[in-house]
Each structure stands twice: as C-alpha cells, then as structure tokens.
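Engineer: Have a look at this one.
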Amino acid sequence: MNTEHSKTLCIILHYGSQDYTNKCIESLANEKHLDIVISDNDPSQSYELPQNIREFVKIIKTGGSAGFSEANNIAVKTFLTKEHGSIFILSNDTIVIKSALDYLRDTLNSSEVGAVGPCMPYVSNPKKIWACGGYISKLKVAVGGLQPKSNQPYQVDYLPGAAILCRSDLWKEIGGFNEEYFLAYEEVEFALEVKKRGFKVMANPKSIILHHVGISSQRSPKYYYNGIRNRLIFSKYLYGKKIGLIYAIIITLFSFLNARSPKELLQRIRLWTKAIKDDLKDIPISRQILQSITEQFKDN
C-alpha cells in the first residue's frame with residue numbers, strides 16, 4: 001500500500017471542550033492529503049466550526065448519544081471515498097506535533113502493516129509518556145499502555161483509540177469498531193481483527209501526538225460499571241460467549257481488591273452486580289445507562 005499520494009480521512013471525535021477540538025484541528029493545519037471531519041458526539045450537539053476553517057473541515061452530528069465506536073463509524077461511513085487509502089481516528093483532546101502523521105504514513109506504507117499509532121506524551125508534561133502502543137493480558141482480560149521500546153517502529157498488541165492510522169480497506173473489511181462497546185476495548189478488538197487478517201499493528205515512537213489524559217474519572221461509578229461491561233464483552237470475544245462470560249465474571253471479582261474504603265467496596269459490589277445482570281439481560285451500554293448509574297450512585 002502506498003499512502004504517499006492517496007488521501008487520509010481524519011475523524012476527530014468531539015466531546016466536551018470545544019477549545020480542545022479547535023486546537024486539535026489547528027495542529028493539523030499544515031497536513032497535506034488530509035480530509036478532516038468532526039464527529040460531534042457531545043450531548044449538547046452545539047459544536048460549530050470556527051469561521052476561518054469552515055471551508056476546509058466538515059462536520060457531522062451524531063445525535064449525542066452514541067458511544068466511541070458508533071460515533072466514529074457514523075463519520076467514516078458518511079465520508080469515506082475511494083480516494084482515501086487510510087483512516088486516521090483521532091480524539092479531540094490531542095495535539096498533533098509536526099511530522100507525526102508523516103511518520104505514521106511511512107510505517108503504514110509497508111504491505112505488512114495494517115494499523116499504526118504514535119507515541120503519546122501528556123500535554124501537561126510532554127516528557128512523560130502516557131502510551132506508545134498497548135499490551136493485552138488475555139489471562140486477566142485487561143489492557144494497558146506501553147512505554148517506548150525503541151526508537152524504531154515496533155509491533156504492539158493494540159493501539160489506544162486516541163490516535164490510530166489504519167488502512168481503509170481493512171477498516172471496511174472489519175466493519176469498523178464493534179459498537180457493543182461504549183468506550184474502551186473497541187480498539188483492542190479492532191487490533192486483533194487486523195492481526196487475524198495477517199497484518200501487523202505497530203507503534204512509531206518518532207510520531208508524537210500529545211494527549212490530555214483525565215485521571216479523576218477513573219474511580220467514578222459510571223467508569224467502573226463501563227469497565228466491567230466492556231471486559232465482559234471482550235472476554236466473550238476472546239473465549240466464546242459462555243466460557244468468556246463465566247471467566248470474566250470471575251476475573252472482574254478481583255477489581256474489588258483496590259477499593260479504598262468499606263464504603264467504596266460496597267459500592268463496587270453493587271455496581272459489579274448490576275453490570276453482570278445487565279449483560280445477562282443483553283441491555284446495551286448507552287449514555288442513558290451510564291447517566292442513570294451516575295444518578296443512582298451520586299450519594300454513595
């Protein structure tokens with residue numbers, strides 16, 4: 001595959017800060033052969049393109065209730081053309097450093113590579129790396145970010161969804177991200193689907209994209225509930241529906257162990273129980289479900 005002259009369809013998922021989205025777009029201002037689309041997935045659906053870039057950037061409204069997978073899939077399905085040899089999935093809370101996309105394209109030019117991602121330092125501390133590719137622990141049904149392994153591109157288990165460049169033909173063949181996931185693990189399953197088709201998943205540490213990383217939300221009730229639900233889905237993908245479900249139910253019990261207090265432990269048990277019951281009832285993860293979790297557990 002040669003991406004040097006073919007176009008790249010860039011999908012920036014907008015949620016939350018409009019300032020973040022605008023700065024993300026600005027960081028791509030000098031990129032060539034790039035078609036930028038903003039997928040507005042914020043519940044307010046109020047994002048408007050700045051006047052000076054309206055003729056260069058397109059926007060699509062998702063309705064504001066879609067998950068990460070669906071919001072990206074909607075934009076790709078709407079705007080992908082035969083001219084696009086690659087698709088660049090990008091979160092709005094990123095800043096693309098000069099030449100970062102060129103390095104990713106160079107790596108994707110190899111016929112063996114199906115997807116590639118950058119090295120992602122924190123915006124608040126560029127010397128500290130959030131992730132440079134990711135690893136999968138199938139035994140624990142868990143994933144995590146990697147620190148740079150070398151100065152040259154190297155293979156990884158998966159790529160964090162904040163920035164992924166992939167072949168457009170592979171995206172179409174796979175069908176995009178699995179929309180069973182609301183947020184997290186969809187990029188992990190996608191990477192495994194890329195590998196199933198005989199392609200490599202790579203990280204290029206020379207490509208630098210800064211990332212605003214939120215930490216406080218990781219102990220919120222909806223974050224915990226969403227995490228359990230996604231691990232159940234991923235375990236069923238790995239091991240089959242029945243065995244995967246039973247295995248994930250057992251594995252996720254260990255997530256109680258890092259509770260900081262008896263009160264938090266009780267809350268986690270209740271959330272875990274609800275997550276298991278909702279999965280057994282085939283209740284999809286949705287923004288409405290997560291909002292109800294927030295309201296139900298706000299005083300706990």
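We label chains A, B, ... in the order they appear in the structure tokens, count residues from 1 in each chain, and number ligands from 1 in the order shown.
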Considering only C-alpha atoms, tabulate each residue of range 188-248 of chain A that lies at most 9 Å from range 96-101 of chain A along with its nearest interatomic pair and the corresponding distance in Å to one decimal; arrange the rows by chain and ascending residue number and present them as a Markdown table.
Structural biologist:
```
| residue | atom | partner | partner_atom | distance |
| --- | --- | --- | --- | --- |
| A:Lys206 | CA | A:Ala100 | CA | 7.2 |
| A:Ser207 | CA | A:Ala100 | CA | 4.1 |
| A:Ile208 | CA | A:Ala100 | CA | 5.4 |
| A:Ile209 | CA | A:Val96 | CA | 4.5 |
| A:Leu210 | CA | A:Val96 | CA | 6.4 |
| A:His211 | CA | A:Val96 | CA | 8.9 |
```
Engineer: Write the selection just made, keeping C-alpha atoms, as a short mmCIF file (atom, residue, chain, number, x, y, z; two decimals), in the first residue's frame?
Structural biologist:
```cif
data_model
loop_
_atom_site.label_atom_id
_atom_site.label_comp_id
_atom_site.auth_asym_id
_atom_site.auth_seq_id
_atom_site.Cartn_x
_atom_site.Cartn_y
_atom_site.Cartn_z
CA LYS A 206 9.06 9.09 16.20
CA SER A 207 5.45 10.13 15.73
CA ILE A 208 4.46 12.38 18.64
CA ILE A 209 0.86 13.29 19.48
CA LEU A 210 0.21 14.96 22.81
CA HIS A 211 -2.80 13.83 24.83
#
```
Engineer: Would you kindly return, as a compact mmCIF listing (two decimals) with N, CA and C atoms, in the first residue's frame, each protein, DNA or RNA residue with an atom no farther than 12 Å from any atom of range 146-157 of chain A, considering only C-alpha atoms and excluding same-chain residues fewer than 3 positions away?
Structural biologist:
```
# COMPACT_ATOMS: atom_id res chain seq x y z
N TYR A 103 5.24 10.32 9.76
CA TYR A 103 5.88 9.11 10.30
C TYR A 103 4.90 7.93 10.31
N LEU A 104 3.65 8.20 10.65
CA LEU A 104 2.65 7.13 10.67
C LEU A 104 2.38 6.62 9.27
N ARG A 105 2.29 7.54 8.31
CA ARG A 105 2.06 7.13 6.92
C ARG A 105 3.23 6.29 6.40
N ASP A 106 4.45 6.70 6.75
CA ASP A 106 5.63 5.95 6.31
C ASP A 106 5.57 4.50 6.79
N THR A 107 5.15 4.33 8.03
CA THR A 107 5.04 2.98 8.59
C THR A 107 3.93 2.20 7.91
N LEU A 108 2.81 2.85 7.66
CA LEU A 108 1.67 2.18 7.05
C LEU A 108 1.94 1.82 5.59
N SER A 110 4.21 0.06 4.46
CA SER A 110 4.63 -1.34 4.37
C SER A 110 3.41 -2.21 4.11
N GLU A 112 2.92 -5.05 5.02
CA GLU A 112 2.65 -5.93 6.15
C GLU A 112 1.90 -5.23 7.29
N VAL A 113 1.82 -3.90 7.24
CA VAL A 113 1.26 -3.13 8.35
C VAL A 113 -0.20 -2.76 8.07
N GLY A 114 -1.06 -3.04 9.03
CA GLY A 114 -2.48 -2.72 8.88
C GLY A 114 -2.92 -1.52 9.66
N ALA A 115 -2.21 -1.23 10.76
CA ALA A 115 -2.54 -0.07 11.60
C ALA A 115 -1.31 0.37 12.37
N VAL A 116 -1.22 1.66 12.63
CA VAL A 116 -0.06 2.21 13.34
C VAL A 116 -0.51 3.38 14.21
N GLY A 117 0.17 3.53 15.34
CA GLY A 117 -0.14 4.63 16.24
C GLY A 117 1.11 5.34 16.70
N PRO A 118 0.95 6.51 17.33
CA PRO A 118 2.08 7.33 17.74
C PRO A 118 2.52 7.05 19.18
N CYS A 119 3.51 7.78 19.58
CA CYS A 119 3.90 7.86 20.98
C CYS A 119 3.13 9.06 21.55
N MET A 120 2.49 8.90 22.72
CA MET A 120 1.58 9.92 23.23
C MET A 120 2.00 10.42 24.62
N PRO A 121 2.76 11.51 24.66
CA PRO A 121 3.07 12.15 25.95
C PRO A 121 1.86 12.93 26.46
N LYS A 127 7.34 15.39 28.75
CA LYS A 127 8.44 14.47 28.99
C LYS A 127 7.96 13.13 29.54
N LYS A 128 6.69 13.09 29.92
CA LYS A 128 6.12 11.86 30.48
C LYS A 128 5.21 11.21 29.44
N ILE A 129 5.44 9.93 29.18
CA ILE A 129 4.70 9.21 28.14
C ILE A 129 3.46 8.53 28.74
N TRP A 130 2.29 8.82 28.15
CA TRP A 130 1.07 8.14 28.55
C TRP A 130 1.04 6.74 27.95
N ALA A 131 1.29 6.65 26.65
CA ALA A 131 1.29 5.35 25.98
C ALA A 131 2.00 5.45 24.64
N CYS A 132 2.70 4.38 24.30
CA CYS A 132 3.34 4.27 22.98
C CYS A 132 2.99 2.87 22.46
N GLY A 133 1.73 2.72 22.12
CA GLY A 133 1.18 1.40 21.85
C GLY A 133 0.65 0.80 23.13
N GLY A 134 0.06 -0.40 23.04
CA GLY A 134 -0.52 -1.02 24.23
C GLY A 134 -0.33 -2.52 24.23
N TYR A 135 -0.51 -3.11 25.42
CA TYR A 135 -0.39 -4.56 25.57
C TYR A 135 -1.74 -5.14 25.99
N ILE A 136 -1.94 -6.41 25.70
CA ILE A 136 -3.15 -7.12 26.09
C ILE A 136 -2.76 -8.28 26.98
N SER A 137 -3.39 -8.37 28.15
CA SER A 137 -3.26 -9.55 29.00
C SER A 137 -4.54 -10.37 28.84
N LYS A 138 -4.48 -11.39 28.00
CA LYS A 138 -5.67 -12.20 27.77
C LYS A 138 -6.05 -12.98 29.03
N ALA A 142 -7.42 -7.83 30.39
CA ALA A 142 -7.07 -6.44 30.71
C ALA A 142 -6.07 -5.91 29.70
N VAL A 143 -5.97 -4.60 29.62
CA VAL A 143 -5.07 -3.94 28.69
C VAL A 143 -4.36 -2.79 29.38
N PRO A 160 -4.02 2.53 21.48
CA PRO A 160 -5.04 3.32 22.15
C PRO A 160 -5.88 4.10 21.13
N GLU A 187 -10.98 -0.57 20.44
CA GLU A 187 -9.74 -0.50 19.68
C GLU A 187 -8.89 -1.75 19.88
N VAL A 188 -9.07 -2.43 21.01
CA VAL A 188 -8.34 -3.66 21.29
C VAL A 188 -8.85 -4.78 20.38
N GLU A 189 -10.16 -4.93 20.33
CA GLU A 189 -10.74 -5.94 19.45
C GLU A 189 -10.40 -5.63 17.99
N PHE A 190 -10.42 -4.35 17.62
CA PHE A 190 -10.09 -3.95 16.25
C PHE A 190 -8.68 -4.39 15.89
N ALA A 191 -7.73 -4.19 16.80
CA ALA A 191 -6.34 -4.58 16.54
C ALA A 191 -6.22 -6.09 16.33
N LEU A 192 -6.94 -6.85 17.12
CA LEU A 192 -6.90 -8.31 16.96
C LEU A 192 -7.52 -8.75 15.64
N GLU A 193 -8.54 -8.02 15.19
CA GLU A 193 -9.14 -8.31 13.89
C GLU A 193 -8.17 -7.99 12.75
N VAL A 194 -7.39 -6.91 12.92
CA VAL A 194 -6.36 -6.58 11.93
C VAL A 194 -5.34 -7.71 11.84
N LYS A 195 -4.92 -8.23 12.98
CA LYS A 195 -3.92 -9.30 13.01
C LYS A 195 -4.48 -10.61 12.46
N PHE A 199 -2.05 -8.89 9.13
CA PHE A 199 -1.33 -7.62 9.15
C PHE A 199 -0.75 -7.32 10.53
N LYS A 200 0.27 -6.49 10.55
CA LYS A 200 0.91 -6.09 11.80
C LYS A 200 0.25 -4.82 12.35
N VAL A 201 0.29 -4.69 13.67
CA VAL A 201 -0.12 -3.48 14.36
C VAL A 201 1.13 -2.89 14.99
N MET A 202 1.46 -1.65 14.64
CA MET A 202 2.74 -1.06 15.01
C MET A 202 2.58 0.25 15.78
N ALA A 203 3.61 0.57 16.55
CA ALA A 203 3.73 1.90 17.15
C ALA A 203 5.01 2.52 16.60
N ASN A 204 4.93 3.80 16.25
CA ASN A 204 6.12 4.51 15.76
C ASN A 204 6.47 5.60 16.76
N PRO A 205 7.52 5.41 17.57
CA PRO A 205 7.87 6.38 18.61
C PRO A 205 8.35 7.73 18.08
N LYS A 206 8.66 7.80 16.78
CA LYS A 206 9.06 9.09 16.20
C LYS A 206 7.85 9.99 15.95
N SER A 207 6.69 9.38 15.91
CA SER A 207 5.45 10.13 15.73
C SER A 207 4.95 10.55 17.11
N ILE A 208 4.84 11.86 17.32
CA ILE A 208 4.46 12.38 18.64
C ILE A 208 3.12 13.10 18.56
```
Engineer: Residues within 7 Å of range 71-88 of chain A, please, as a PyMOL selection string. Count only C-alpha atoms; anything in the same chain fewer than 3 positions from it doesn't count.
Structural biologist: chain A and resi 3+6-11+13+39+41+60+62+66-68+164-168+176-177
Engineer: Would you list the contacts of Pro43 in chain A as a PDB file with N, CA and C atoms, in the first residue's frame, taking every protein, DNA or RNA residue within 9 Å and counting only C-alpha atoms, but skipping same-chain residues closer than 2 positions in sequence?
Structural biologist:
```pdb
ATOM      1  N   TYR A  15     -16.114  15.743  21.869  1.00  0.00           N
ATOM      2  CA  TYR A  15     -16.906  15.545  23.078  1.00  0.00           C
ATOM      3  C   TYR A  15     -16.310  16.456  24.149  1.00  0.00           C
ATOM      4  N   GLY A  16     -17.154  17.254  24.777  1.00  0.00           N
ATOM      5  CA  GLY A  16     -16.653  18.115  25.843  1.00  0.00           C
ATOM      6  C   GLY A  16     -16.126  19.449  25.346  1.00  0.00           C
ATOM      7  N   ASP A  40     -19.400  15.273  15.866  1.00  0.00           N
ATOM      8  CA  ASP A  40     -19.879  15.924  17.087  1.00  0.00           C
ATOM      9  C   ASP A  40     -20.738  14.939  17.868  1.00  0.00           C
ATOM     10  N   ASN A  41     -20.152  14.397  18.937  1.00  0.00           N
ATOM     11  CA  ASN A  41     -20.865  13.413  19.758  1.00  0.00           C
ATOM     12  C   ASN A  41     -21.168  13.948  21.153  1.00  0.00           C
ATOM     13  N   GLN A  45     -24.735  18.801  21.258  1.00  0.00           N
ATOM     14  CA  GLN A  45     -24.733  18.912  19.783  1.00  0.00           C
ATOM     15  C   GLN A  45     -24.600  20.365  19.332  1.00  0.00           C
ATOM     16  N   SER A  46     -23.797  21.133  20.052  1.00  0.00           N
ATOM     17  CA  SER A  46     -23.707  22.571  19.807  1.00  0.00           C
ATOM     18  C   SER A  46     -22.391  23.010  19.180  1.00  0.00           C
ATOM     19  N   GLY A  63     -26.097  12.948  17.052  1.00  0.00           N
ATOM     20  CA  GLY A  63     -27.271  12.881  17.921  1.00  0.00           C
ATOM     21  C   GLY A  63     -26.885  12.986  19.385  1.00  0.00           C
ATOM     22  N   GLY A  64     -25.605  12.773  19.668  1.00  0.00           N
ATOM     23  CA  GLY A  64     -25.090  12.992  21.019  1.00  0.00           C
ATOM     24  C   GLY A  64     -25.257  11.837  21.982  1.00  0.00           C
ATOM     25  N   SER A  65     -25.772  10.705  21.522  1.00  0.00           N
ATOM     26  CA  SER A  65     -25.961   9.581  22.438  1.00  0.00           C
ATOM     27  C   SER A  65     -25.117   8.370  22.071  1.00  0.00           C
TER      28      SER A  65
END
```
Engineer: Could you find all residues in range 40-70 of chain A that DSSP calls helix (DSSP H, G or I) from the backbone, and write them as a compact mmCIF listing (two decimals) with N, CA and C atoms, in the first residue's frame?
Structural biologist:
```txt
# COMPACT_ATOMS: atom_id res chain seq x y z
N GLN A 51 -15.05 30.12 11.97
CA GLN A 51 -15.30 30.70 10.65
C GLN A 51 -14.13 30.48 9.69
N ASN A 52 -12.90 30.55 10.21
CA ASN A 52 -11.73 30.50 9.33
C ASN A 52 -11.42 29.11 8.78
N ILE A 53 -12.09 28.07 9.28
CA ILE A 53 -11.79 26.72 8.79
C ILE A 53 -13.01 26.02 8.20
N PHE A 68 -18.19 5.70 21.64
CA PHE A 68 -16.99 5.99 20.85
C PHE A 68 -17.01 5.26 19.52
N SER A 69 -17.33 3.97 19.55
CA SER A 69 -17.33 3.16 18.33
C SER A 69 -18.33 3.68 17.32
N GLU A 70 -19.57 3.84 17.76
CA GLU A 70 -20.63 4.24 16.85
C GLU A 70 -20.39 5.62 16.27
```
Engineer: Quick one, how far is CA of Leu49 in chain A from CA of Leu183 in chain A?
Structural biologist: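 Rounded to one decimal, the two atoms are 24.9 Å apart.
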Engineer: Just asking: which residues within range 52-130 of chain A are strand (DSSP E) according to DSSP, as a list in words?
Structural biologist: Val57, Lys58, Ile59, Ile60, Lys61, His84, Gly85, Ser86, Ile87, Phe88, Ile89, Leu90, Ser91, Thr94, Ile95, Val96, Val113, Gly114, Ala115, Val116, Gly117, Pro118, Cys119, Met120, Pro121, Ile129 and Trp130 of chain A
Engineer: Give me, please, the distance in Å between CA of Cys24 in chain A and CA of Glu55 in chain A, quoted to one decimal.
Structural biologist: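 Pair CA of Cys24 in chain A / CA of Glu55 in chain A returns 16.7 Å.
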Engineer: Please identify all polymer residues within 9 Å of Arg268 in chain A, counting only C-alpha atoms, omitting same-chain residues fewer than 2 positions from it, and present them as a list of chain:residue names.
Structural biologist: A:Pro221, A:Tyr224, A:Tyr225, A:Ser255, A:Phe256, A:Ala259, A:Lys263, A:Glu264, A:Leu265, A:Leu266, A:Arg270, A:Leu271, A:Trp272, A:Thr273
Engineer: Only C-alpha atoms, please: the residues just picked out, written as a CSV table (one decimal), in the first residue's frame.
Structural biologist:
```csv
chain,number,residue,atom,x,y,z
A,221,PRO,CA,-19.3,4.8,39.3
A,224,TYR,CA,-16.3,1.3,36.9
A,225,TYR,CA,-19.6,0.0,35.5
A,255,SER,CA,-11.4,-5.4,40.8
A,256,PHE,CA,-12.9,-5.1,44.3
A,259,ALA,CA,-11.3,-0.3,46.9
A,263,LYS,CA,-18.0,2.2,51.6
A,264,GLU,CA,-16.3,2.1,48.2
A,265,LEU,CA,-16.1,-1.7,48.4
A,266,LEU,CA,-19.8,-1.9,48.9
A,270,ARG,CA,-23.4,-3.2,43.8
A,271,LEU,CA,-22.0,-1.8,40.5
A,272,TRP,CA,-20.4,-5.2,39.6
A,273,THR,CA,-23.7,-7.0,40.3
```
Engineer: Which is closer to Leu90 in chain A than all the others in A:Arg231, A:Lys298, A:His14, A:Arg260, using only C-alpha atoms?
Structural biologist: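 Residue with the minimum atom-to-atom distance to Leu90 in chain A: A:His14.
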